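This report concerns only the one structure given below.
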Amino acid sequence: MARVLMIVSAADALTMRDGTTHPTGFWAEELVVSHRVLREAGHTVEIATPGGRRPTVDQASFAPEMAGGQEQADAFRAYLEQIDAELSAPLVLSEVDPADYDAFVLPGGHGPMADLVHDPSLGRILTSADRAGRLIAPFCHGPAGLLSAQDDGTFRFAGRRLTAFTNEEELGGGTGENTPWFLETVLREKGAVVETGPAWSSHVIRDANLVTGQNPQSSRAVAEVVLEALGE
């Protein structure tokens, strides 16, 4: 079976356009669903964060209207409690050897926009993994982490087909006009070929070893595409 590294933001706040601080972290549904699908398929899933710090769950992701109902929110909370030991002592991202893993999964929440986007260790890992053809699977705001990967100042994933949380979704149900920067816009500016689907609907793009999902609704589909790719 495969060994998968789930790279999770350790940020708990995002500085907004107007200078205020917005509480954030990882989005419960995204970590829970992808983690569960991969582990239930028999793969080993390990968690790493910048500095090995315990990641913070965005409390907004437990709101019934965000989670798909109170039952779903309770289920997400219960699963996180089951893996609390892993969340309490994640691997230190800077100490990760990318050669040890078959796939790298990056769930979102706004956290990656605060720390993963400029994390040099993540940039090293993603660049090495991409050169080796290992699977890289960020989704929702997780693709912000791709921006850390630079080759001599050039975005490693320029020219690649991908998707991410869209400007429409950010303005309509994210952090709105006060968002410090828009992920879709910056990815396009850096040269990525961003392909978007209908807002709040599952949408996944696979470009060779790069698998990306648009939003929380894409969590399961991303994990399933990763499973399929691991089986090839």
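All residue names refer to the structure tokens as shown: chains lettered A, B, ... in order, residues numbered from 1 in each chain, ligands numbered from 1 in order.
Every protein or nucleic acid residue with an atom no more than 12 Å from A:Ala75, counting only C-alpha atoms and leaving out same-chain residues fewer than 3 positions away, appears here: Ala28, Glu29, Val32, Val33, Arg36, Ser61, Phe62, Pro64, Ala67, Gly68, Gly69, Gln70, Glu71, Gln72, Ala78, Tyr79, Leu80, Glu81 and Gln82 of chain A.
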Write out as a PyMOL selection string all residues of stretch 2-188 of chain A that DSSP puts in strand (DSSP E) for this structure's backbone. chain A and resi 3-7+13-15+21-23+44-49+91-92+103-106+135-138+150-151+154-155+161-162
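The residue that comes closest to A:Phe157, out of A:Leu183, A:Ala73, A:Val45, A:Ala192 and on the basis of only C-alpha atoms, is A:Ala192.
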If we count only C-alpha atoms and set the cut-off at 6 Å, which residues sit around stretch 107-119 of chain A, ignoring sequence neighbours fewer than 3 positions away in its own chain? Please answer as number ranges by chain. A: 9, 11, 14, 24-27, 30-31, 122, 138-142, 144-145, 147-148
Serialized selection, N, CA and C atoms, as a PDB file, in the first residue's frame:
```pdb
ATOM      1  N   SER A   9      -1.987  23.253   7.003  1.00  0.00           N
ATOM      2  CA  SER A   9      -1.604  24.564   7.522  1.00  0.00           C
ATOM      3  C   SER A   9      -1.588  24.571   9.045  1.00  0.00           C
ATOM      4  N   ALA A  11      -1.527  27.669  10.455  1.00  0.00           N
ATOM      5  CA  ALA A  11      -1.982  29.030  10.730  1.00  0.00           C
ATOM      6  C   ALA A  11      -3.343  29.017  11.418  1.00  0.00           C
ATOM      7  N   LEU A  14      -5.679  34.874   9.470  1.00  0.00           N
ATOM      8  CA  LEU A  14      -5.325  35.446   8.174  1.00  0.00           C
ATOM      9  C   LEU A  14      -5.492  36.955   8.266  1.00  0.00           C
ATOM     10  N   THR A  24      -8.869  31.517  11.320  1.00  0.00           N
ATOM     11  CA  THR A  24      -8.968  30.502  10.275  1.00  0.00           C
ATOM     12  C   THR A  24      -8.254  29.237  10.717  1.00  0.00           C
ATOM     13  N   GLY A  25      -7.814  28.425   9.770  1.00  0.00           N
ATOM     14  CA  GLY A  25      -7.181  27.144  10.047  1.00  0.00           C
ATOM     15  C   GLY A  25      -7.465  26.219   8.887  1.00  0.00           C
ATOM     16  N   PHE A  26      -7.568  24.916   9.167  1.00  0.00           N
ATOM     17  CA  PHE A  26      -7.963  23.981   8.113  1.00  0.00           C
ATOM     18  C   PHE A  26      -9.466  23.775   8.158  1.00  0.00           C
ATOM     19  N   TRP A  27     -10.040  23.394   7.009  1.00  0.00           N
ATOM     20  CA  TRP A  27     -11.483  23.184   6.910  1.00  0.00           C
ATOM     21  C   TRP A  27     -11.782  21.733   7.260  1.00  0.00           C
ATOM     22  N   GLU A  30     -12.670  18.979   4.616  1.00  0.00           N
ATOM     23  CA  GLU A  30     -11.621  18.655   3.656  1.00  0.00           C
ATOM     24  C   GLU A  30     -10.593  17.697   4.234  1.00  0.00           C
ATOM     25  N   LEU A  31     -10.149  17.956   5.446  1.00  0.00           N
ATOM     26  CA  LEU A  31      -9.193  17.042   6.067  1.00  0.00           C
ATOM     27  C   LEU A  31      -9.851  15.709   6.387  1.00  0.00           C
ATOM     28  N   LEU A 122       7.947  23.506   2.138  1.00  0.00           N
ATOM     29  CA  LEU A 122       6.915  22.977   1.248  1.00  0.00           C
ATOM     30  C   LEU A 122       7.347  23.132  -0.202  1.00  0.00           C
ATOM     31  N   PRO A 138      -3.576  19.099  -4.001  1.00  0.00           N
ATOM     32  CA  PRO A 138      -4.150  20.165  -3.177  1.00  0.00           C
ATOM     33  C   PRO A 138      -5.570  20.503  -3.628  1.00  0.00           C
ATOM     34  N   PHE A 139      -6.402  20.934  -2.703  1.00  0.00           N
ATOM     35  CA  PHE A 139      -7.757  21.303  -3.109  1.00  0.00           C
ATOM     36  C   PHE A 139      -8.310  22.424  -2.246  1.00  0.00           C
ATOM     37  N   CYS A 140      -9.346  23.086  -2.804  1.00  0.00           N
ATOM     38  CA  CYS A 140      -9.951  24.277  -2.224  1.00  0.00           C
ATOM     39  C   CYS A 140      -8.889  25.377  -2.107  1.00  0.00           C
ATOM     40  N   HIS A 141      -8.508  25.811  -0.897  1.00  0.00           N
ATOM     41  CA  HIS A 141      -7.421  26.785  -0.761  1.00  0.00           C
ATOM     42  C   HIS A 141      -6.062  26.103  -0.662  1.00  0.00           C
ATOM     43  N   GLY A 142      -6.042  24.781  -0.659  1.00  0.00           N
ATOM     44  CA  GLY A 142      -4.777  24.054  -0.626  1.00  0.00           C
ATOM     45  C   GLY A 142      -3.826  24.415  -1.754  1.00  0.00           C
ATOM     46  N   ALA A 144      -2.952  27.092  -2.748  1.00  0.00           N
ATOM     47  CA  ALA A 144      -2.085  28.213  -2.356  1.00  0.00           C
ATOM     48  C   ALA A 144      -0.689  27.691  -2.056  1.00  0.00           C
ATOM     49  N   GLY A 145      -0.620  26.468  -1.531  1.00  0.00           N
ATOM     50  CA  GLY A 145       0.677  25.876  -1.229  1.00  0.00           C
ATOM     51  C   GLY A 145       1.541  25.655  -2.451  1.00  0.00           C
ATOM     52  N   LEU A 147       2.120  27.670  -4.693  1.00  0.00           N
ATOM     53  CA  LEU A 147       2.848  28.905  -4.979  1.00  0.00           C
ATOM     54  C   LEU A 147       4.201  28.951  -4.282  1.00  0.00           C
ATOM     55  N   SER A 148       4.421  28.076  -3.320  1.00  0.00           N
ATOM     56  CA  SER A 148       5.713  28.025  -2.631  1.00  0.00           C
ATOM     57  C   SER A 148       6.795  27.393  -3.501  1.00  0.00           C
TER      58      SER A 148
END
```
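Of the listed residues A:Met66, A:Val211, A:Val37, A:Ala60, the one whose atoms come nearest to A:Leu135 is A:Val211, with distances taken using only C-alpha atoms.
Taking only C-alpha atoms, the non-local environment of A:Thr166 within 10 Å (same-chain residues fewer than 3 positions away omitted) comprises Cys140, His141, Thr163, Glu169, Glu170, Leu171, Gly172, Gly174, Phe182, Leu183, Glu184, Thr185, Val194, Glu195, Thr196, Gly197, Pro198, Ala199, Trp200, Gln214 and Asn215 of chain A.
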Could you save the residues just selected, with N, CA and C atoms, as a tab-separated table (two decimals), in the first residue's frame?
```
chain	number	residue	atom	x	y	z
A	140	CYS	N	-9.35	23.09	-2.80
A	140	CYS	CA	-9.95	24.28	-2.22
A	140	CYS	C	-8.89	25.38	-2.11
A	141	HIS	N	-8.51	25.81	-0.90
A	141	HIS	CA	-7.42	26.78	-0.76
A	141	HIS	C	-6.06	26.10	-0.66
A	163	THR	N	-7.31	23.45	-10.75
A	163	THR	CA	-8.45	24.23	-10.26
A	163	THR	C	-8.20	24.58	-8.80
A	169	GLU	N	-16.55	32.00	-5.65
A	169	GLU	CA	-16.84	31.36	-4.37
A	169	GLU	C	-16.31	32.21	-3.21
A	170	GLU	N	-15.15	32.81	-3.39
A	170	GLU	CA	-14.59	33.64	-2.33
A	170	GLU	C	-15.48	34.85	-2.05
A	171	LEU	N	-15.97	35.45	-3.11
A	171	LEU	CA	-16.82	36.64	-2.95
A	171	LEU	C	-18.21	36.27	-2.46
A	172	GLY	N	-18.69	35.10	-2.86
A	172	GLY	CA	-20.07	34.73	-2.53
A	172	GLY	C	-20.25	33.94	-1.25
A	174	GLY	N	-16.99	33.05	0.79
A	174	GLY	CA	-15.71	32.99	1.49
A	174	GLY	C	-15.54	34.19	2.37
A	182	PHE	N	-6.75	36.94	-3.98
A	182	PHE	CA	-7.65	35.91	-4.51
A	182	PHE	C	-6.84	34.81	-5.18
A	183	LEU	N	-7.03	33.59	-4.68
A	183	LEU	CA	-6.23	32.45	-5.11
A	183	LEU	C	-6.32	32.22	-6.62
A	184	GLU	N	-7.53	32.21	-7.14
A	184	GLU	CA	-7.69	31.99	-8.58
A	184	GLU	C	-6.90	33.03	-9.38
A	185	THR	N	-7.02	34.27	-8.99
A	185	THR	CA	-6.34	35.35	-9.71
A	185	THR	C	-4.82	35.18	-9.68
A	194	VAL	N	-5.96	27.72	-15.05
A	194	VAL	CA	-7.01	27.45	-14.06
A	194	VAL	C	-8.33	27.17	-14.76
A	195	GLU	N	-8.91	26.01	-14.46
A	195	GLU	CA	-10.18	25.61	-15.05
A	195	GLU	C	-11.20	25.47	-13.94
A	196	THR	N	-12.26	26.25	-13.98
A	196	THR	CA	-13.24	26.26	-12.90
A	196	THR	C	-14.56	25.61	-13.33
A	197	GLY	N	-15.26	25.06	-12.36
A	197	GLY	CA	-16.58	24.50	-12.58
A	197	GLY	C	-17.62	25.36	-11.89
A	198	PRO	N	-18.88	24.91	-11.86
A	198	PRO	CA	-19.92	25.67	-11.18
A	198	PRO	C	-19.58	25.86	-9.70
A	199	ALA	N	-19.91	27.01	-9.18
A	199	ALA	CA	-19.63	27.29	-7.77
A	199	ALA	C	-20.27	26.26	-6.86
A	200	TRP	N	-19.51	25.83	-5.84
A	200	TRP	CA	-19.98	24.93	-4.79
A	200	TRP	C	-20.38	23.57	-5.32
A	214	GLN	N	-11.69	21.96	-6.50
A	214	GLN	CA	-12.10	23.36	-6.44
A	214	GLN	C	-12.54	23.86	-5.08
A	215	ASN	N	-13.16	23.01	-4.28
A	215	ASN	CA	-13.85	23.49	-3.08
A	215	ASN	C	-14.07	22.34	-2.10
```
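Rounded to one decimal, atom CA of A:Val4 and atom CA of A:Arg54 lie 18.5 Å from each other.
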Counting only C-alpha atoms, closest pick from A:Arg134, A:Lys190, A:His43, A:Arg156 relative to A:Met1 is A:His43
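Note that atom CA of A:Leu146 and atom CA of A:Asn178 are 22.7 Å apart.
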Any chance you could list, as JSON, numbers by chain, the residues in stretch 10-206 of chain A that come up helix (DSSP H, G or I) when DSSP is run on the backbone? {"A": [28, 29, 30, 31, 32, 33, 34, 35, 36, 37, 38, 39, 40, 50, 51, 52, 59, 60, 61, 62, 64, 65, 66, 67, 70, 71, 72, 73, 74, 75, 76, 77, 78, 79, 80, 81, 82, 84, 85, 86, 87, 88, 93, 94, 95, 98, 99, 100, 111, 112, 113, 116, 117, 118, 120, 121, 122, 123, 124, 125, 126, 127, 128, 129, 130, 131, 132, 142, 143, 144, 145, 146, 147, 148, 167, 168, 169, 170, 171, 172, 173, 176, 177, 178, 183, 184, 185, 186, 187, 188, 189]}
